[in-house]
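Asker: Enclosed is the structure file data-v3.txt (compact mmCIF, C-alpha atoms).
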# COMPACT_ATOMS: atom_id res chain seq x y z
CA MET A 951 -39.00 31.70 26.43
CA GLU A 952 -35.37 31.90 25.55
CA MET A 953 -33.26 29.00 26.55
CA ASN A 954 -30.85 29.76 29.35
CA LEU A 955 -28.32 27.08 28.56
CA PRO A 956 -26.05 27.55 31.60
CA ASN A 957 -29.06 27.18 33.89
CA ILE A 958 -30.32 24.13 32.05
CA ILE A 959 -26.95 22.49 32.29
CA GLU A 960 -26.77 23.38 35.97
CA ALA A 961 -30.09 21.65 36.57
CA VAL A 962 -29.16 18.58 34.55
CA LEU A 963 -25.83 18.20 36.31
CA PHE A 964 -27.54 18.62 39.67
CA VAL A 965 -29.96 15.79 39.06
CA HIS A 966 -27.43 13.60 37.34
CA GLY A 967 -25.02 13.90 40.25
CA GLU A 968 -22.06 12.06 38.84
CA SER A 969 -19.92 13.37 36.04
CA MET A 970 -21.43 13.68 32.62
CA ASN A 971 -19.97 13.66 29.16
CA ILE A 972 -20.07 17.02 27.39
CA SER A 973 -21.25 15.44 24.16
CA ARG A 974 -24.14 13.89 26.04
CA LEU A 975 -25.02 17.28 27.50
CA ALA A 976 -24.95 18.77 24.03
CA LYS A 977 -27.23 16.09 22.66
CA LEU A 978 -29.64 16.38 25.56
CA THR A 979 -29.97 20.14 25.17
CA LYS A 980 -29.96 19.90 21.39
CA LYS A 981 -27.00 22.22 21.11
CA SER A 982 -23.52 21.86 19.64
CA GLU A 983 -20.60 20.85 21.79
CA SER A 984 -18.98 24.25 21.45
CA GLU A 985 -22.18 25.91 22.64
CA ALA A 986 -22.27 23.54 25.56
CA LEU A 987 -18.65 24.36 26.38
CA GLU A 988 -19.39 28.07 26.27
CA ALA A 989 -22.36 27.62 28.57
CA LEU A 990 -20.18 25.59 30.92
CA GLU A 991 -17.67 28.45 31.05
CA VAL A 992 -20.45 30.82 32.04
CA LEU A 993 -21.80 28.41 34.62
CA GLY A 994 -18.35 27.85 36.08
CA LYS A 995 -17.79 31.57 36.51
CA ARG A 996 -21.22 32.08 38.11
CA LEU A 997 -20.57 29.39 40.66
CA GLU A 998 -17.29 30.82 41.81
CA ASP A 999 -18.78 32.71 44.76
CA ARG A 1000 -21.35 30.08 45.50
CA GLY A 1001 -21.25 26.89 47.50
CA LEU A 1002 -20.92 24.74 44.44
CA ARG A 1003 -18.27 24.32 41.79
CA LEU A 1004 -17.93 22.90 38.32
CA ILE A 1005 -15.23 20.28 37.89
CA LYS A 1006 -13.95 19.47 34.44
CA LYS A 1007 -11.64 16.74 33.24
CA GLU A 1008 -11.19 16.17 29.52
CA ASN A 1009 -14.75 15.64 28.25
CA GLU A 1010 -16.43 15.14 31.60
CA VAL A 1011 -18.00 17.70 33.89
CA MET A 1012 -19.73 17.51 37.23
CA LEU A 1013 -21.15 19.72 39.95
CA SER A 1014 -19.41 19.53 43.27
CA THR A 1015 -19.24 21.35 46.57
CA ALA A 1016 -16.94 24.35 46.95
CA PRO A 1017 -13.59 23.56 48.62
CA GLU A 1018 -14.17 25.95 51.50
CA THR A 1019 -17.32 24.05 52.49
CA SER A 1020 -15.49 20.76 52.67
CA LEU A 1021 -15.16 20.63 56.46
CA PHE A 1022 -18.88 20.88 57.06
CA VAL A 1023 -19.91 18.59 54.26
CA GLN A 1024 -17.51 16.00 55.57
CA GLU A 1025 -19.29 16.16 58.93
CA LEU A 1026 -22.57 15.54 57.20
CA VAL A 1027 -21.40 12.81 54.93
CA LYS A 1028 -19.28 11.19 57.65
CA GLU A 1029 -17.27 9.59 54.93
CA GLU A 1030 -14.57 7.24 56.04
CA PHE A 1031 -11.77 9.09 54.39
CA SER A 1032 -8.24 7.82 54.47
CA GLY A 1033 -6.23 10.89 53.65
CA LYS A 1034 -2.93 9.12 53.73
CA LEU A 1035 -0.91 8.28 50.67
CA THR A 1036 2.01 5.87 50.84
CA ARG A 1037 5.24 6.87 49.18
CA ALA A 1038 4.70 4.45 46.30
CA THR A 1039 1.12 5.62 45.79
CA LEU A 1040 2.10 9.27 45.91
CA GLU A 1041 4.89 8.81 43.42
CA THR A 1042 2.72 6.84 41.02
CA LEU A 1043 -0.15 9.32 41.32
CA ALA A 1044 2.17 12.23 40.60
CA ILE A 1045 3.44 10.50 37.48
CA VAL A 1046 -0.05 9.59 36.28
CA VAL A 1047 -1.49 13.04 36.83
CA TYR A 1048 1.42 15.16 35.54
CA HIS A 1049 2.59 12.80 32.80
CA GLY A 1050 -0.56 10.85 31.99
CA PRO A 1051 -2.10 9.18 30.17
CA LEU A 1052 0.66 6.62 30.07
CA SER A 1053 1.19 2.87 30.26
CA ARG A 1054 2.43 0.81 33.18
CA PRO A 1055 5.80 0.07 31.53
CA ASP A 1056 6.31 3.81 31.13
CA ILE A 1057 5.53 4.33 34.80
CA ASP A 1058 7.83 1.46 35.77
CA PHE A 1059 10.64 2.98 33.76
CA ILE A 1060 10.37 6.34 35.48
CA ARG A 1061 10.16 4.85 38.97
CA GLY A 1062 12.65 2.07 38.35
CA VAL A 1063 10.32 -0.40 40.10
CA ASN A 1064 7.36 -2.54 39.22
CA SER A 1065 4.15 -0.58 39.71
CA SER A 1066 1.50 -3.26 39.13
CA PHE A 1067 0.59 -3.60 42.78
CA THR A 1068 0.40 0.15 43.34
CA LEU A 1069 -1.65 0.72 40.19
CA ARG A 1070 -4.08 -1.99 41.15
CA ASN A 1071 -4.63 -0.31 44.51
CA LEU A 1072 -5.14 3.03 42.83
CA LEU A 1073 -7.69 1.50 40.45
CA VAL A 1074 -9.57 -0.07 43.34
CA SER A 1075 -9.72 3.18 45.29
CA GLY A 1076 -10.90 4.92 42.13
CA LEU A 1077 -8.12 7.48 41.98
CA VAL A 1078 -6.90 6.31 38.62
CA GLU A 1079 -8.64 5.10 35.48
CA ARG A 1080 -7.45 2.97 32.66
CA GLU A 1081 -8.44 2.28 29.11
CA ILE A 1082 -7.06 0.30 26.20
CA GLY A 1083 -4.12 2.11 24.63
CA PRO A 1084 -5.00 3.76 21.35
CA LYS A 1085 -1.67 2.87 19.78
CA ASP A 1086 -1.12 -0.55 21.28
CA LYS A 1087 -4.29 -2.50 22.00
CA ARG A 1088 -2.37 -4.85 24.26
CA THR A 1089 -1.54 -2.29 26.93
CA PHE A 1090 -3.66 -0.16 29.18
CA ILE A 1091 -3.01 3.51 29.62
CA TYR A 1092 -3.64 5.13 32.97
CA SER A 1093 -5.03 8.57 33.69
CA PRO A 1094 -6.28 10.43 36.78
CA SER A 1095 -9.95 10.04 37.63
CA MET A 1096 -12.61 12.59 38.46
CA ARG A 1097 -12.48 11.34 42.02
CA PHE A 1098 -8.82 12.24 42.17
CA LEU A 1099 -9.66 15.84 41.28
CA GLN A 1100 -12.28 15.81 44.00
CA TYR A 1101 -9.81 14.56 46.60
CA LEU A 1102 -7.30 17.21 45.62
CA GLY A 1103 -10.01 19.85 45.75
CA ILE A 1104 -9.16 21.22 42.32
CA PRO A 1105 -11.68 22.06 39.56
CA ARG A 1106 -9.37 21.10 36.68
CA LEU A 1107 -6.10 19.29 36.13
CA ASP A 1108 -4.24 22.46 35.22
CA SER A 1109 -5.11 23.95 38.61
CA LEU A 1110 -2.33 21.75 39.94
CA PRO A 1111 0.81 23.78 40.64
CA GLU A 1112 3.34 23.57 37.78
CA TYR A 1113 0.99 21.45 35.69
CA ASN A 1114 1.15 23.57 32.55
CA GLU A 1115 4.88 24.18 32.88
CA PHE A 1116 5.62 20.53 33.21
CA ARG A 1117 3.38 19.49 30.31
CA SER A 1118 5.02 21.97 27.98
CA THR A 1119 8.56 20.88 28.89
CA LEU A 1120 7.38 17.31 28.50
CA ALA A 1121 6.05 18.02 25.03
CA GLU A 1122 9.41 19.58 24.10
CA PHE A 1123 11.31 16.62 25.53
CA LEU A 1124 9.17 14.08 23.67
CA LYS A 1125 9.45 16.02 20.44
CA GLN A 1126 13.23 16.03 20.81
CA ASN A 1127 13.28 12.32 21.50
CA ASN A 1128 11.19 11.57 18.43
CA GLN A 1129 13.47 13.67 16.28
CA GLU A 1130 16.52 11.88 17.65
CA GLU A 1131 15.04 8.51 16.84
CA LYS A 1132 14.42 9.61 13.27
CA MET B 52 6.88 -12.69 45.96
CA PRO B 53 9.20 -9.95 47.21
CA SER B 54 7.23 -7.13 45.56
CA TYR B 55 4.31 -7.82 47.84
CA SER B 56 6.22 -8.22 51.04
CA VAL B 57 5.76 -5.96 54.03
CA THR B 58 9.07 -4.26 53.32
CA THR B 59 7.69 -2.64 50.18
CA GLU B 60 7.81 0.73 51.91
CA GLN B 61 11.51 0.66 52.64
CA PHE B 62 12.32 -0.97 49.40
CA LYS B 63 14.22 1.24 47.05
CA GLY B 64 14.28 0.71 43.33
CA PRO B 65 17.59 1.37 41.55
CA ILE B 66 16.69 4.89 40.48
CA ASP B 67 15.37 5.85 43.89
CA LEU B 68 18.46 4.35 45.50
CA LEU B 69 20.85 6.12 43.17
CA LEU B 70 19.14 9.47 43.58
CA ASN B 71 19.28 9.08 47.36
CA LEU B 72 23.00 8.38 47.26
CA ILE B 73 23.64 11.44 45.15
CA GLU B 74 21.42 13.76 47.16
CA GLU B 75 22.86 12.58 50.47
CA ARG B 76 26.21 13.92 49.34
CA LYS B 77 24.55 17.03 47.97
CA PHE B 78 25.90 16.34 44.50
CA SER B 79 24.20 17.34 41.30
CA ILE B 80 23.42 14.72 38.69
CA ASN B 81 26.33 14.24 36.34
CA ALA B 82 28.89 11.63 35.33
CA ILE B 83 31.31 12.68 38.06
CA SER B 84 28.85 12.28 40.91
CA LEU B 85 27.61 9.00 39.44
CA ALA B 86 31.17 7.67 39.38
CA ALA B 87 31.58 8.78 42.99
CA VAL B 88 28.54 6.87 44.26
CA ALA B 89 29.01 3.80 42.07
CA ASN B 90 30.72 1.81 44.81
CA GLN B 91 28.06 2.64 47.38
CA TYR B 92 25.38 1.52 44.97
CA LEU B 93 27.11 -1.77 44.34
CA ASP B 94 27.64 -2.30 48.06
CA TYR B 95 23.95 -1.78 48.70
CA VAL B 96 22.92 -4.21 45.98
CA ARG B 97 25.35 -6.78 47.34
CA SER B 98 23.96 -6.31 50.82
CA LEU B 99 20.43 -7.27 49.79
CA PRO B 100 19.77 -10.76 51.13
CA GLU B 101 18.01 -11.68 47.95
CA LEU B 102 17.71 -9.61 44.82
CA PRO B 103 13.97 -9.07 44.31
CA ARG B 104 13.14 -11.04 41.23
CA ALA B 105 10.98 -8.44 39.57
CA GLU B 106 13.47 -5.65 40.01
CA ALA B 107 16.66 -7.64 39.55
CA ALA B 108 17.04 -6.70 35.91
CA SER B 109 16.59 -2.98 36.63
CA PHE B 110 19.19 -3.08 39.40
CA LEU B 111 21.67 -4.85 37.18
CA VAL B 112 21.20 -2.63 34.17
CA VAL B 113 21.83 0.44 36.30
CA ALA B 114 24.82 -1.28 37.92
CA SER B 115 26.39 -1.97 34.55
CA THR B 116 25.97 1.65 33.46
CA LEU B 117 27.57 2.83 36.71
CA LEU B 118 30.53 0.54 36.14
CA LEU B 119 30.88 2.03 32.70
CA ILE B 120 30.86 5.54 34.12
CA LYS B 121 33.35 4.58 36.82
CA SER B 122 35.66 2.98 34.26
CA LYS B 123 35.60 6.10 32.14
CA SER B 124 36.42 8.25 35.13
CA LEU B 125 39.39 6.06 36.02
CA LEU B 126 40.59 5.78 32.43
CA PRO B 127 39.82 9.05 30.69
CA SER B 128 41.38 7.76 27.51
CA LEU B 129 38.82 4.97 27.38
CA GLU B 130 36.78 5.29 24.22
CA LEU B 131 33.09 4.61 24.61
CA THR B 132 30.83 3.43 21.82
CA GLY B 133 27.88 5.58 20.78
CA GLU B 134 25.55 3.16 22.53
CA GLU B 135 27.53 3.36 25.75
CA GLU B 136 27.52 7.15 25.69
CA GLU B 137 23.77 6.96 25.20
CA SER B 138 23.29 4.66 28.20
CA ILE B 139 25.13 7.11 30.39
CA GLY B 140 23.05 9.99 29.07
CA ASP B 141 19.89 7.98 29.60
CA LEU B 142 20.74 7.27 33.21
CA GLU B 143 21.35 10.95 33.90
CA ARG B 144 18.05 11.84 32.24
CA ARG B 145 16.18 9.19 34.18
CA LEU B 146 17.53 10.47 37.45
CA LYS B 147 16.62 14.04 36.61
CA LEU B 148 13.11 12.99 35.55
CA TYR B 149 12.59 10.96 38.69
CA ARG B 150 13.78 13.85 40.80
CA ARG B 151 11.35 16.15 39.03
CA PHE B 152 8.48 13.85 39.91
CA LYS B 153 9.54 13.77 43.51
CA GLU B 154 9.27 17.56 43.50
CA LEU B 155 5.88 17.49 41.79
CA SER B 156 4.51 14.85 44.12
CA VAL B 157 4.84 17.38 46.95
CA HIS B 158 2.00 19.34 45.35
CA VAL B 159 -0.19 16.26 45.26
CA GLN B 160 0.65 15.47 48.87
CA SER B 161 -0.11 18.97 50.10
CA LEU B 162 -3.52 19.12 48.40
CA TYR B 163 -4.69 15.57 48.94
CA GLY B 164 -7.68 15.32 51.24
CA LYS B 165 -7.41 18.91 52.49
CA ASN B 166 -10.54 20.28 50.82
CA VAL B 167 -12.43 17.43 49.28
CA LEU B 168 -15.08 18.26 46.70
CA TYR B 169 -18.24 16.24 47.09
CA GLY B 170 -20.72 15.30 44.41
CA ARG B 171 -24.12 13.74 44.59
CA GLU B 172 -24.86 10.16 43.95
CA ALA B 173 -26.10 9.59 40.45
CA PHE B 174 -29.82 10.25 40.19
CA SER B 175 -30.34 10.28 43.93
CA GLY B 176 -33.90 11.16 44.85
CA VAL B 177 -35.10 10.07 41.43
CA SER B 178 -37.35 7.07 41.70
CA VAL B 179 -36.61 4.17 39.47
CA GLY B 180 -39.34 3.38 36.99
CA PHE B 181 -39.78 0.90 34.26
CA VAL B 182 -39.97 2.22 30.73
CA GLU B 183 -41.25 -0.26 28.21
CA PRO B 184 -38.90 -0.44 25.23
CA LYS B 185 -40.52 0.05 21.85
CA GLY B 186 -41.03 -2.91 19.59
CA ILE B 187 -40.68 -5.60 22.22
CA ASP B 188 -42.99 -8.57 21.88
CA ALA B 189 -42.72 -12.25 22.64
CA LYS B 190 -41.29 -13.00 19.20
CA ALA B 191 -38.50 -10.43 19.59
CA LEU B 192 -37.58 -11.78 23.02
CA TYR B 193 -37.54 -15.31 21.66
CA SER B 194 -35.18 -14.50 18.78
CA ALA B 195 -32.94 -12.44 21.09
CA LEU B 196 -32.64 -15.39 23.43
CA GLY B 197 -31.90 -17.65 20.47
CA SER B 198 -29.03 -15.41 19.35
CA LEU B 199 -27.66 -15.32 22.87
CA ILE B 200 -27.64 -19.11 23.11
CA LYS B 201 -25.83 -19.32 19.78
CA ILE B 202 -22.98 -17.17 20.96
CA LEU B 203 -22.56 -18.90 24.30
CA PRO B 204 -19.12 -20.51 24.34
CA LEU B 205 -19.08 -24.31 24.18
CA ALA B 206 -16.87 -26.30 26.47
CA LYS B 207 -14.02 -27.22 24.20
CA ASP B 208 -12.33 -30.56 24.31
CA ILE B 209 -8.74 -29.62 24.76
CA PRO B 210 -6.58 -32.26 23.06
CA GLU B 211 -4.25 -33.93 25.47
CA LYS B 212 -0.69 -34.66 24.61
CA THR B 213 1.82 -36.50 26.69
CA VAL B 214 5.16 -34.81 27.00
CA ALA B 215 7.82 -36.89 25.28
CA ASN B 216 10.54 -38.33 27.40
CA VAL B 217 13.76 -36.42 27.30
CA ILE B 218 16.88 -38.45 26.59
CA LYS B 219 19.85 -37.42 28.68
CA LEU B 220 23.15 -37.39 26.88
CA GLU B 221 24.89 -38.74 29.95
CA ASP B 222 22.59 -41.72 30.10
CA LYS B 223 23.19 -42.43 26.44
CA ILE B 224 26.95 -42.23 26.90
CA ASN B 225 26.76 -44.73 29.73
CA GLU B 226 24.49 -46.98 27.73
CA LEU B 227 26.75 -47.00 24.70
CA CYS B 228 29.78 -47.57 26.88
CA GLU B 229 28.19 -50.63 28.38
CA ARG B 230 27.08 -52.08 25.06
CA VAL B 231 30.50 -51.60 23.50
CA SER B 232 32.24 -53.22 26.44
CA VAL B 233 29.96 -56.21 26.00
CA ALA B 234 30.18 -56.41 22.20
CA VAL B 235 33.77 -55.18 21.77
CA LYS B 236 33.05 -54.48 18.14
CA THR B 237 29.81 -53.12 16.81
CA SER B 238 28.54 -50.49 14.44
CA PHE B 239 26.57 -47.27 14.83
CA ARG B 240 23.70 -48.74 12.89
CA GLU B 241 23.53 -51.59 15.41
CA LEU B 242 23.72 -49.27 18.36
CA ALA B 243 21.11 -46.91 17.03
CA LYS B 244 18.72 -49.50 15.60
CA GLY B 245 15.08 -48.51 15.85
CA GLU B 246 15.65 -45.14 17.41
CA ASN B 247 13.71 -42.04 16.52
CA LYS B 248 15.46 -38.98 15.13
CA MET B 249 15.96 -37.28 18.46
CA THR B 250 17.41 -40.37 20.10
CA LEU B 251 19.58 -40.98 17.05
CA ILE B 252 21.15 -37.55 17.37
CA VAL B 253 21.81 -38.05 21.06
CA SER B 254 23.36 -41.44 20.35
CA PHE B 255 25.67 -39.91 17.80
CA LEU B 256 26.75 -37.21 20.21
CA ALA B 257 27.36 -39.90 22.81
CA LEU B 258 29.53 -41.77 20.35
CA LEU B 259 31.59 -38.66 19.62
CA GLU B 260 32.07 -38.11 23.33
CA LEU B 261 33.26 -41.69 23.81
CA VAL B 262 35.71 -41.29 20.94
CA LYS B 263 36.96 -38.09 22.50
CA ARG B 264 37.43 -39.84 25.81
CA GLY B 265 39.38 -42.59 24.16
CA VAL B 266 36.94 -45.23 25.28
CA VAL B 267 36.15 -46.33 21.74
CA ASP B 268 37.58 -46.02 18.28
CA ALA B 269 35.41 -45.22 15.33
CA LYS B 270 36.02 -46.03 11.67
CA GLN B 271 34.02 -45.04 8.64
CA GLU B 272 34.81 -46.39 5.14
CA GLY B 273 33.22 -43.62 3.12
CA SER B 274 30.83 -40.71 3.49
CA PHE B 275 27.50 -41.71 4.94
CA SER B 276 28.49 -45.39 5.25
CA ASN B 277 28.11 -47.28 8.49
CA ILE B 278 30.44 -46.41 11.32
CA GLU B 279 32.41 -49.23 12.93
CA VAL B 280 32.73 -48.86 16.67
CA LEU B 281 35.55 -50.70 18.43
CA LYS B 282 36.42 -50.83 22.06
CA SER B 283 39.80 -49.18 22.41
Taking this structure as input, can you express it in the form of structure tokens?

Answerer:
Amino acid sequence: MEMNLPNIIEAVLFVHGESMNISRLAKLTKKSESEALEALEVLGKRLEDRGLRLIKKENEVMLSTAPETSLFVQELVKEEFSGKLTRATLETLAIVVYHGPLSRPDIDFIRGVNSSFTLRNLLVSGLVEREIGPKDKRTFIYSPSMRFLQYLGIPRLDSLPEYNEFRSTLAEFLKQNNQEEK
Amino acid sequence: MPSYSVTTEQFKGPIDLLLNLIEERKFSINAISLAAVANQYLDYVRSLPELPRAEAASFLVVASTLLLIKSKSLLPSLELTGEEEESIGDLERRLKLYRRFKELSVHVQSLYGKNVLYGREAFSGVSVGFVEPKGIDAKALYSALGSLIKILPLAKDIPEKTVANVIKLEDKINELCERVSVAVKTSFRELAKGENKMTLIVSFLALLELVKRGVVDAKQEGSFSNIEVLKS
């Protein structure tokens, strides 16, 4: 029986529930990461007219409900959902998602205020993740979480309006800056 | 701590404040508009009952750049250093970047919580079982526990040290003054007998101060010889 990789991945993700690392998926199914990615593409397309979706952020994927079903699922789940973002939270989130991953000092510089309190709140509510900076082990760098994608109802970061445009102008800007410093 | 006060919502950082001032007047971001709002900015900062400690530096740095811009606008012939030109450029860039994020945050706001995507709890419906790890026997557990105990941190005895007393120059000056008034004539060696290096230095400074004040006269025969101290 030939292996239907997209189906296998669908089943695994269903049982696993939470997001899963693509490399782990590859290992589990004894396939290469690129094969897994291909299968995920296929799966994602298949789900587009179904009640479920595939969310992807960097190397993580997960199965979720389709955005148009949200109202009814919410009824079922009866989740206490605070849909309100304060101005500070909104600003910080926008910076982290469009400009991330970046450190707190970088965020502070853009906002012109200290963001520790706001970032801590965002960490606690699971909207933002942090890890040790690859360049500087003393600072944390912050990035948007899977949960944040879920709350926005988008399957990938670049589904955000102007995401790709902003990231490319940012790349230009940073390249210019680096050249200037040299 | 001001950053955690209830007024955090109304609190404006320097960039937010500056951008507000510019946008209120429907200006675009450039040196001219920055010069125009400089006074307003400074008035606002002055009006704050207490400059929030954490943000104080940011407010002041921006203030100083605004003053620079204002000065240049009033004195066009004023020559700015490369660094100063850069600070002005940086401020303009910061404002433009901040404004861009305000625009982008509208997207986040409009999508947030509207159509939430739900997932399933990890492994829900899957019963938890115990899987015996391979190669585990009493001996392995025993050695694992032994290694764990070895790496447990020991309570360290932190050495205590008393903070040395600080000698105030003023006190030393008064002390020397008193001793000279009693002895009329003495020498530095006498005055500073038995003192440690730090106290010695302070005593010497006190002596110099007294000489400056005209309270005492000091005489020294040769380099590094004893210093005679006379009441003047």

Asker: Can you check which parts of chain A lie within 8 Å of chain B? Per residue, the shortest pair of atoms and distance in Å to one decimal, counting only C-alpha atoms, sorted by chain and number, as CSV.

Answerer:
residue,atom,partner,partner_atom,distance
A:Phe964,CA,B:Arg171,CA,7.7
A:Val965,CA,B:Phe174,CA,5.7
A:His966,CA,B:Phe174,CA,5.0
A:Gly967,CA,B:Arg171,CA,4.4
A:Glu968,CA,B:Ala173,CA,5.0
A:Met1012,CA,B:Gly170,CA,7.6
A:Leu1013,CA,B:Gly170,CA,6.3
A:Ser1014,CA,B:Gly170,CA,4.6
A:Thr1015,CA,B:Leu168,CA,5.2
A:Ala1016,CA,B:Leu168,CA,6.4
A:Pro1017,CA,B:Asn166,CA,5.0
A:Glu1018,CA,B:Asn166,CA,6.8
A:Thr1019,CA,B:Asn166,CA,7.9
A:Ser1020,CA,B:Asn166,CA,5.3
A:Leu1021,CA,B:Asn166,CA,7.3
A:Val1023,CA,B:Tyr169,CA,7.7
A:Gly1033,CA,B:Gly164,CA,5.2
A:Leu1035,CA,B:Gln160,CA,7.6
A:Thr1036,CA,B:Glu60,CA,7.8
A:Arg1037,CA,B:Glu60,CA,7.2
A:Ala1038,CA,B:Glu60,CA,7.4
A:Leu1040,CA,B:Ser156,CA,6.3
A:Glu1041,CA,B:Ser156,CA,6.1
A:Leu1043,CA,B:Ser156,CA,7.8
A:Ala1044,CA,B:Ser156,CA,5.0
A:Ile1045,CA,B:Phe152,CA,6.5
A:Ile1060,CA,B:Tyr149,CA,6.0
A:Arg1061,CA,B:Tyr149,CA,6.6
A:Gly1062,CA,B:Ile66,CA,5.4
A:Val1063,CA,B:Gly64,CA,5.2
A:Asn1064,CA,B:Glu106,CA,6.9
A:Phe1067,CA,B:Tyr55,CA,7.6
A:Gln1100,CA,B:Leu168,CA,4.6
A:Tyr1101,CA,B:Val167,CA,4.7
A:Leu1102,CA,B:Tyr163,CA,4.5
A:Gly1103,CA,B:Val167,CA,4.9
A:Ile1104,CA,B:Leu168,CA,7.9
A:Leu1110,CA,B:His158,CA,7.3
A:Pro1111,CA,B:His158,CA,6.6
A:Glu1112,CA,B:Leu155,CA,7.7

Asker: Nearest residue to A:Asn971 out of A:Asn1009, A:Ser984, A:Ser1075, A:Asn957, using all atoms listed in the file?

Answerer: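 Residue with the minimum atom-to-atom distance to A:Asn971: A:Asn1009.
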
Asker: From the list B:Ala191, B:Leu259, B:Leu251, B:Val235, which residue is nearest B:Ser283 when using all atoms listed in the file?

Answerer: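 Once distances to B:Ser283 are computed over all atoms listed in the file, the minimum belongs to B:Val235.
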
Asker: B:Ile224, B:Val96, B:Ala243, B:Ile83: which is nearest B:Lys121, counting only C-alpha atoms?

Answerer: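 Once distances to B:Lys121 are computed over only C-alpha atoms, the minimum belongs to B:Ile83.
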
Asker: Given the point (27.2, 13.2, 41.3) in the coordinates of this file, which residues lie within 12 Å, counting all atoms listed in the file, and how would they look as a list in words?

Answerer: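 Checked against the point, the hits come out as Leu69, Leu70, Asn71, Leu72, Ile73, Glu74, Glu75, Arg76, Lys77, Phe78, Ser79, Ile80, Asn81, Ala82, Ile83, Ser84, Leu85, Ala86, Ala87, Val88, Ala89, Leu117, Ile120, Lys121, Leu142, Glu143, Leu146 and Lys147 of chain B.
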
Asker: Please determine, counting only C-alpha atoms, which residue among B:Asn216, B:Ser122, B:Ser276, B:Ser138 has the shortest atom-to-atom distance to B:Phe239.

Answerer: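 The closest residue to B:Phe239 is B:Ser276.
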
Asker: Between atom CA of B:Val231 and atom CA of B:Leu281, what is the distance in Å, rounded to a tenth?

Answerer: 7.2 Å

Asker: Given the choices A:Lys1085, A:Thr1042, A:Leu955, A:Val1047, which gets closest to A:Ser982 if the distance is worked out from all atoms listed in the file?

Answerer: A:Leu955
